[in-house]
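Structure data follow from final.txt (compact mmCIF, C-alpha atoms):
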# COMPACT_ATOMS: atom_id res chain seq x y z
CA GLN B 104 122.69 83.72 134.91
CA LYS B 105 120.58 86.46 133.36
CA GLU B 106 118.47 85.46 130.38
CA VAL B 107 119.85 88.11 128.01
CA GLU B 108 123.17 89.85 128.56
CA GLN B 109 124.81 92.70 126.71
CA ASN B 110 128.02 94.71 126.94
CA SER B 111 127.16 97.41 129.44
CA GLY B 112 128.98 100.15 127.57
CA PRO B 113 128.95 102.99 127.03
CA LEU B 114 130.45 102.46 123.62
CA SER B 115 131.95 105.44 121.83
CA VAL B 116 132.90 105.36 118.16
CA PRO B 117 133.94 108.13 115.76
CA GLU B 118 131.59 109.14 112.98
CA GLY B 119 132.00 106.86 109.97
CA ALA B 120 133.36 103.93 111.98
CA ILE B 121 131.76 100.53 112.56
CA ALA B 122 129.94 100.05 115.87
CA SER B 123 129.76 96.48 117.14
CA LEU B 124 127.17 95.48 119.74
CA ASN B 125 127.05 92.04 121.34
CA CYS B 126 124.46 89.95 123.12
CA THR B 127 124.28 86.47 124.63
CA TYR B 128 121.21 84.55 125.76
CA SER B 129 120.59 81.54 127.97
CA ASP B 130 117.49 79.80 126.55
CA ARG B 131 118.70 77.37 123.86
CA GLY B 132 115.13 76.97 122.61
CA SER B 133 114.89 80.62 121.56
CA GLN B 134 114.05 81.09 117.89
CA SER B 135 113.57 84.82 117.31
CA PHE B 136 116.03 87.59 118.03
CA PHE B 137 115.64 91.33 117.81
CA TRP B 138 117.55 94.57 118.07
CA TYR B 139 115.76 97.68 119.27
CA ARG B 140 117.01 101.24 119.30
CA GLN B 141 115.85 103.54 122.09
CA TYR B 142 116.45 107.27 122.16
CA SER B 143 116.43 108.97 125.53
CA GLY B 144 112.88 109.41 126.82
CA LYS B 145 111.35 107.44 123.95
CA SER B 146 110.03 103.90 123.62
CA PRO B 147 112.09 101.17 121.92
CA GLU B 148 111.96 100.96 118.13
CA LEU B 149 112.49 97.65 116.32
CA ILE B 150 115.37 97.92 113.85
CA MET B 151 116.34 94.31 113.08
CA SER B 152 114.91 90.82 113.42
CA ILE B 153 116.86 87.61 112.77
CA TYR B 154 115.68 84.02 112.96
CA SER B 155 118.35 81.88 111.25
CA ASN B 156 122.06 81.42 111.81
CA GLY B 157 124.23 83.74 109.78
CA ASP B 158 124.06 87.37 108.76
CA LYS B 159 121.14 89.58 107.86
CA GLU B 160 121.77 92.96 106.33
CA ASP B 161 119.46 95.96 106.17
CA GLY B 162 121.07 99.15 104.95
CA ARG B 163 123.87 100.10 107.32
CA PHE B 164 122.80 97.46 109.86
CA THR B 165 123.91 93.81 109.94
CA ALA B 166 122.62 91.36 112.50
CA GLN B 167 124.55 88.16 113.11
CA LEU B 168 123.21 85.05 114.85
CA ASN B 169 125.04 81.97 116.12
CA LYS B 170 122.59 79.69 117.91
CA ALA B 171 125.26 77.15 118.85
CA SER B 172 127.13 79.86 120.75
CA GLN B 173 123.89 81.56 121.85
CA TYR B 174 125.22 84.81 120.52
CA VAL B 175 123.69 87.70 118.59
CA SER B 176 125.43 90.82 117.37
CA LEU B 177 124.61 94.04 115.58
CA LEU B 178 127.03 95.91 113.36
CA ILE B 179 126.37 99.49 112.38
CA ARG B 180 128.49 100.62 109.44
CA ASP B 181 129.31 104.25 108.68
CA SER B 182 128.04 105.28 112.12
CA GLN B 183 126.29 108.64 112.28
CA PRO B 184 125.67 110.93 115.25
CA SER B 185 121.97 110.14 114.83
CA ASP B 186 122.80 106.52 115.70
CA SER B 187 123.64 107.65 119.25
CA ALA B 188 121.11 105.79 121.39
CA THR B 189 120.72 102.75 123.60
CA TYR B 190 120.55 99.46 121.72
CA LEU B 191 118.49 96.69 123.27
CA CYS B 192 118.89 93.03 122.40
CA ALA B 193 115.68 91.03 122.78
CA VAL B 194 115.02 87.31 122.54
CA LYS B 195 111.72 85.49 122.12
CA THR B 196 112.18 82.54 124.39
CA SER B 197 110.90 78.99 124.05
CA TYR B 198 107.95 79.99 126.27
CA ASP B 199 106.99 82.69 123.76
CA LYS B 200 107.93 85.72 125.84
CA VAL B 201 110.21 88.49 124.63
CA ILE B 202 112.98 89.15 127.13
CA PHE B 203 115.26 92.17 126.86
CA GLY B 204 118.86 92.70 127.77
CA PRO B 205 119.99 95.71 129.81
CA GLY B 206 121.00 97.66 126.70
CA THR B 207 124.24 99.15 125.43
CA SER B 208 124.60 102.90 125.16
CA LEU B 209 126.24 104.00 121.91
CA SER B 210 127.71 107.43 121.37
CA VAL B 211 128.88 108.41 117.88
CA ILE B 212 131.37 111.26 118.08
CA PRO B 213 131.36 113.75 115.16
CA GLU N 191 96.19 100.73 110.56
CA THR N 192 96.46 102.29 114.01
CA GLY N 193 99.46 101.62 116.19
CA VAL N 194 99.67 100.90 119.90
CA THR N 195 98.44 103.77 122.04
CA GLN N 196 98.98 104.23 125.75
CA SER N 197 97.46 106.60 128.26
CA PRO N 198 98.23 108.66 130.16
CA THR N 199 101.67 109.75 128.96
CA HIS N 200 102.79 110.99 132.35
CA LEU N 201 101.51 110.39 135.85
CA ILE N 202 102.57 111.40 139.35
CA LYS N 203 101.28 109.38 142.29
CA THR N 204 101.94 109.23 146.00
CA ARG N 205 103.39 106.17 147.69
CA GLY N 206 100.62 103.79 148.76
CA GLN N 207 98.20 104.92 146.07
CA GLN N 208 96.86 102.80 143.22
CA VAL N 209 97.27 103.48 139.50
CA THR N 210 95.70 102.20 136.27
CA LEU N 211 97.51 102.44 132.94
CA ARG N 212 95.79 101.79 129.64
CA CYS N 213 96.82 100.34 126.30
CA SER N 214 94.98 100.03 123.01
CA SER N 215 96.45 97.32 120.84
CA GLN N 216 97.32 97.62 117.17
CA SER N 217 94.50 96.66 114.84
CA GLY N 218 94.40 92.89 114.29
CA HIS N 219 96.57 92.05 117.29
CA ASN N 220 95.17 89.77 120.02
CA THR N 221 97.99 89.72 122.58
CA VAL N 222 99.25 92.46 124.86
CA SER N 223 102.52 92.43 126.80
CA TRP N 224 103.47 94.89 129.53
CA TYR N 225 107.00 95.92 130.49
CA GLN N 226 108.52 98.09 133.20
CA GLN N 227 111.64 100.04 132.31
CA ALA N 228 113.49 101.73 135.13
CA LEU N 229 115.95 104.48 134.28
CA GLY N 230 119.13 103.08 132.72
CA GLN N 231 117.81 99.53 132.50
CA GLY N 232 116.26 97.32 129.86
CA PRO N 233 112.51 96.65 129.81
CA GLN N 234 111.46 94.00 132.33
CA PHE N 235 108.61 91.66 131.38
CA ILE N 236 105.63 92.09 133.72
CA PHE N 237 102.99 89.90 132.08
CA GLN N 238 101.21 89.05 128.87
CA TYR N 239 97.49 88.79 128.14
CA TYR N 240 95.87 86.62 125.49
CA ARG N 241 92.15 85.87 125.16
CA GLU N 242 91.50 88.01 128.23
CA GLU N 243 93.66 85.83 130.47
CA GLU N 244 97.14 86.24 131.88
CA ASN N 245 99.47 84.17 129.73
CA GLY N 246 102.82 84.34 131.47
CA ARG N 247 104.23 86.58 134.17
CA GLY N 248 107.63 87.93 135.04
CA ASN N 249 109.10 88.40 138.49
CA PHE N 250 106.60 90.98 139.73
CA PRO N 251 104.51 90.84 142.93
CA PRO N 252 100.72 90.30 142.88
CA ARG N 253 100.07 94.00 143.42
CA PHE N 254 100.80 94.26 139.69
CA SER N 255 97.69 93.01 137.94
CA GLY N 256 96.07 93.41 134.58
CA LEU N 257 93.04 92.99 132.42
CA GLN N 258 92.42 92.42 128.76
CA PHE N 259 89.08 93.35 127.22
CA PRO N 260 87.17 91.71 124.34
CA ASN N 261 88.52 94.37 121.95
CA TYR N 262 92.06 93.30 123.03
CA SER N 263 92.82 96.56 124.81
CA SER N 264 94.41 96.17 128.22
CA GLU N 265 94.95 97.75 131.60
CA LEU N 266 97.83 97.49 134.03
CA ASN N 267 96.94 98.10 137.66
CA VAL N 268 99.47 98.66 140.41
CA ASN N 269 98.33 98.75 144.03
CA ALA N 270 100.18 100.07 147.07
CA LEU N 271 102.65 102.05 144.98
CA GLU N 272 106.26 102.10 146.09
CA LEU N 273 108.98 104.57 145.17
CA ASP N 274 110.72 101.86 143.13
CA ASP N 275 107.65 101.59 140.90
CA SER N 276 108.74 104.85 139.29
CA ALA N 277 109.51 103.85 135.71
CA LEU N 278 108.44 103.94 132.08
CA TYR N 279 105.67 101.41 131.52
CA LEU N 280 105.55 100.02 128.02
CA CYS N 281 102.81 98.13 126.27
CA ALA N 282 103.27 96.04 123.13
CA SER N 283 100.69 94.22 121.08
CA SER N 284 101.19 91.21 118.83
CA LEU N 285 99.54 88.19 117.32
CA TYR N 286 99.77 85.17 119.59
CA TYR N 287 102.79 83.07 118.68
CA GLN N 288 103.82 85.30 115.79
CA ARG N 289 107.58 85.34 115.52
CA ASN N 290 107.86 89.03 114.62
CA GLY N 291 109.15 91.59 117.05
CA TYR N 292 106.86 93.77 119.11
CA THR N 293 105.79 97.29 118.33
CA PHE N 294 105.61 99.37 121.47
CA GLY N 295 103.38 102.22 122.42
CA SER N 296 104.96 105.49 123.48
CA GLY N 297 104.79 104.47 127.13
CA THR N 298 103.52 105.92 130.39
CA ARG N 299 106.05 107.64 132.63
CA LEU N 300 105.01 106.97 136.24
CA THR N 301 106.60 108.91 139.06
CA VAL N 302 105.89 107.84 142.65
CA VAL N 303 106.68 110.44 145.30

Exercise: express the given structure as structure tokens:
Amino acid sequence: QKEVEQNSGPLSVPEGAIASLNCTYSDRGSQSFFWYRQYSGKSPELIMSIYSNGDKEDGRFTAQLNKASQYVSLLIRDSQPSDSATYLCAVKTSYDKVIFGPGTSLSVIP
Amino acid sequence: ETGVTQSPTHLIKTRGQQVTLRCSSQSGHNTVSWYQQALGQGPQFIFQYYREEENGRGNFPPRFSGLQFPNYSSELNVNALELDDSALYLCASSLYYQRNGYTFGSGTRLTVV
């Protein structure tokens, strides 16, 4: 079992719709969870961090964490073409290393 | 406050050669982590350096090695380059055991021919 798994995508949504990105992780001792956005040819950019069960909202982005299910998600409301990118789920494991998932490619269609 | 800087930005090497990549950590950060990102994949953890010592390593062979200097900057060395080493190499700095996410440098694109 891989440490961090994501929907492989690609995911296509129309402009203005909600994009939903999912991630599961294997290390139950993990305490910190992150979503990164990566545009083609660029380095990953941190967009959300979440540490406690429940929802965390930041503008159009909402991260959701369920530690019992070992599940993290990212919702993007009112999706814009500029949101088209690869979204990487990352988990800081119990041994203090940040492990990334394979990423989900999102395409927002105007 | 300066961010994480990496050099060079692009590099082309021949199979079998050796390469050194450099990373200057963000001001105040004492830990450096290196990642390899092949095209279409997520970043893979290579290793982390703290207090000038390797502090955790991913599934990479010994020909991947590193250094951290007293000013917390770091080098990644790869010996006997293989074609599959072609990737974007990312460096991130942090405070040891901080729970915040990493800030990455802009990366070094290595092409092995």

**Request:** Excluding range 291-297 of chain N and residues on its chain fewer than 4 positions from it, collect all residues at most 10 Å away from it, counting all atoms listed in the file, and give them as a PyMOL selection string.
**Result:** (chain B and resi 135-139+144-153+193-195+201) or (chain N and resi 193-200+211-216+222-227+277-285)

**Request:** Just give me the gap between CA of Asp130 in chain B and CA of Arg241 in chain N in Å, one decimal is fine.
**Result:** 26.1 Å

**Residues of chain B within 6 Å of chain N, counting all atoms listed in the file, as a PyMOL selection string** = chain B and resi 146+204-206

**Request:** Find the spatial neighbours of range 183-191 of chain B, counting all atoms listed in the file, within a cut-off of 6 Å - ignore same-chain residues fewer than 5 positions away - and output them as JSON, numbers by chain.
**Result:** {"B": [118, 138, 139, 140, 141, 142, 206, 207, 208, 209, 210, 211]}

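Of the residues under consideration (B:Cys192, B:Ala171, B:Lys105, B:Asp181), B:Asp181 shows the shortest atom-to-atom contact distance to Ile212 in chain B when counting all atoms listed in the file.
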
**Item:** Neighbour list for Glu160 in chain B as a list in words, cut-off 10 Å, all atoms listed in the file, skip fewer than 4 positions in-chain
**Value:** Met151, Ile153, Phe164, Thr165, Ala166, Gln167, Leu177 and Leu178 of chain B

**Residues within 12 Å of (91.6, 83.3, 131.0), file coords, only C-alpha atoms, listed as a list in words** =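 Every polymer residue passing the test: Gln238, Tyr239, Tyr240, Arg241, Glu242, Glu243, Glu244, Asn245, Gly246, Gly256, Leu257, Gln258, Phe259 and Pro260 of chain N.
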
How would the residues just picked look written out with C-alpha atoms as a short mmCIF file (atom, residue, chain, number, x, y, z; two decimals), in the coordinates of the input?
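Output (selection_28.cif):
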data_model
loop_
_atom_site.label_atom_id
_atom_site.label_comp_id
_atom_site.auth_asym_id
_atom_site.auth_seq_id
_atom_site.Cartn_x
_atom_site.Cartn_y
_atom_site.Cartn_z
CA GLN N 238 101.21 89.05 128.87
CA TYR N 239 97.49 88.79 128.14
CA TYR N 240 95.87 86.62 125.49
CA ARG N 241 92.15 85.87 125.16
CA GLU N 242 91.50 88.01 128.23
CA GLU N 243 93.66 85.83 130.47
CA GLU N 244 97.14 86.24 131.88
CA ASN N 245 99.47 84.17 129.73
CA GLY N 246 102.82 84.34 131.47
CA GLY N 256 96.07 93.41 134.58
CA LEU N 257 93.04 92.99 132.42
CA GLN N 258 92.42 92.42 128.76
CA PHE N 259 89.08 93.35 127.22
CA PRO N 260 87.17 91.71 124.34
#

**Item:** Nearest to Ser276 in chain N, chosen from N:Gln207, N:Val302, N:Ile202, N:Asn220, with all atoms listed in the file counted in the distances
**Value:**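 Looking only at the distances to Ser276 in chain N, the closest residue turns out to be N:Val302.
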
**Prompt:** For Val175 in chain B, which of B:Val116, B:Ile121, B:Cys126, B:Val107 is the closest residue, counting only C-alpha atoms?
**Reply:** B:Cys126

4 Å per side around range 126-143 of chain B: axis-aligned box centre and edge lengths, as lines of an AutoDock Vina configuration file:
center_x = 119.0
center_y = 93.0
center_z = 122.6
size_x = 18.9
size_y = 40.0
size_z = 18.7

**Nearby residues (all atoms listed in the file) at most 9 Å from Ser197 in chain B, same-chain spacing under 4 positions excluded, as a ChimeraX atom specification** = /B:130-134

**Request:** One decimal, Å: what's the distance from CA of Thr301 in chain N over to CA of Gln208 in chain N, could you say?
**Result:** 12.2 Å

**Item:** Given only C-alpha atoms as the counted atoms, nearest of B:Ser143, B:Asn110, B:Ser115, B:Ser123 to Ser176 in chain B
**Value:**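 Of all the options, B:Ser123 lies closest to Ser176 in chain B.
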
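The two atoms in question, CA of Asp161 in chain B and CA of Tyr198 in chain B, are spaced 28.1 Å apart.
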
**Message:** Ranking N:Ser264, N:Lys203, N:His219, N:Asp275 by minimum distance to Phe250 in chain N and counting only C-alpha atoms, which one comes first?
**Reply:**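 Between N:Ser264, N:Lys203, N:His219, N:Asp275, the residue approaching Phe250 in chain N most closely is N:Asp275.
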
Can you rebuild range 112-128 of chain B with N, CA, C and O atoms and give it as a tab-separated table (two decimals), keeping the file's coordinate frame?
chain	number	residue	atom	x	y	z
B	112	GLY	N	128.61	98.87	128.15
B	112	GLY	CA	128.98	100.15	127.57
B	112	GLY	C	129.31	101.16	128.65
B	112	GLY	O	129.59	100.78	129.78
B	113	PRO	N	129.30	102.47	128.35
B	113	PRO	CA	128.95	102.99	127.03
B	113	PRO	C	130.02	102.73	125.98
B	113	PRO	O	131.18	102.55	126.30
B	114	LEU	N	129.57	102.69	124.74
B	114	LEU	CA	130.45	102.46	123.62
B	114	LEU	C	130.54	103.76	122.83
B	114	LEU	O	129.51	104.33	122.47
B	115	SER	N	131.75	104.22	122.61
B	115	SER	CA	131.95	105.44	121.83
B	115	SER	C	132.72	105.11	120.57
B	115	SER	O	133.75	104.43	120.64
B	116	VAL	N	132.21	105.57	119.43
B	116	VAL	CA	132.90	105.36	118.16
B	116	VAL	C	132.91	106.68	117.40
B	116	VAL	O	132.00	107.50	117.55
B	117	PRO	N	133.94	106.91	116.58
B	117	PRO	CA	133.94	108.13	115.76
B	117	PRO	C	132.98	108.00	114.60
B	117	PRO	O	132.68	106.90	114.13
B	118	GLU	N	132.48	109.12	114.14
B	118	GLU	CA	131.59	109.14	112.98
B	118	GLU	C	132.27	108.46	111.79
B	118	GLU	O	133.45	108.67	111.52
B	119	GLY	N	131.49	107.59	111.12
B	119	GLY	CA	132.00	106.86	109.97
B	119	GLY	C	132.58	105.49	110.30
B	119	GLY	O	132.82	104.68	109.39
B	120	ALA	N	132.80	105.21	111.57
B	120	ALA	CA	133.36	103.93	111.98
B	120	ALA	C	132.26	102.87	112.09
B	120	ALA	O	131.07	103.15	111.94
B	121	ILE	N	132.70	101.63	112.33
B	121	ILE	CA	131.76	100.53	112.56
B	121	ILE	C	131.55	100.37	114.07
B	121	ILE	O	132.51	100.27	114.83
B	122	ALA	N	130.29	100.33	114.46
B	122	ALA	CA	129.94	100.05	115.87
B	122	ALA	C	129.52	98.59	115.97
B	122	ALA	O	128.75	98.11	115.14
B	123	SER	N	130.05	97.90	116.96
B	123	SER	CA	129.76	96.48	117.14
B	123	SER	C	129.12	96.26	118.51
B	123	SER	O	129.71	96.60	119.54
B	124	LEU	N	127.94	95.69	118.51
B	124	LEU	CA	127.17	95.48	119.74
B	124	LEU	C	126.93	93.98	119.89
B	124	LEU	O	126.57	93.30	118.93
B	125	ASN	N	127.11	93.48	121.10
B	125	ASN	CA	127.05	92.04	121.34
B	125	ASN	C	126.00	91.66	122.37
B	125	ASN	O	125.69	92.45	123.28
B	126	CYS	N	125.53	90.42	122.25
B	126	CYS	CA	124.46	89.95	123.12
B	126	CYS	C	124.56	88.43	123.24
B	126	CYS	O	124.82	87.74	122.24
B	127	THR	N	124.38	87.91	124.44
B	127	THR	CA	124.28	86.47	124.63
B	127	THR	C	122.97	86.16	125.35
B	127	THR	O	122.44	87.01	126.07
B	128	TYR	N	122.48	84.93	125.16
B	128	TYR	CA	121.21	84.55	125.76
B	128	TYR	C	121.33	83.14	126.33
B	128	TYR	O	122.19	82.36	125.92
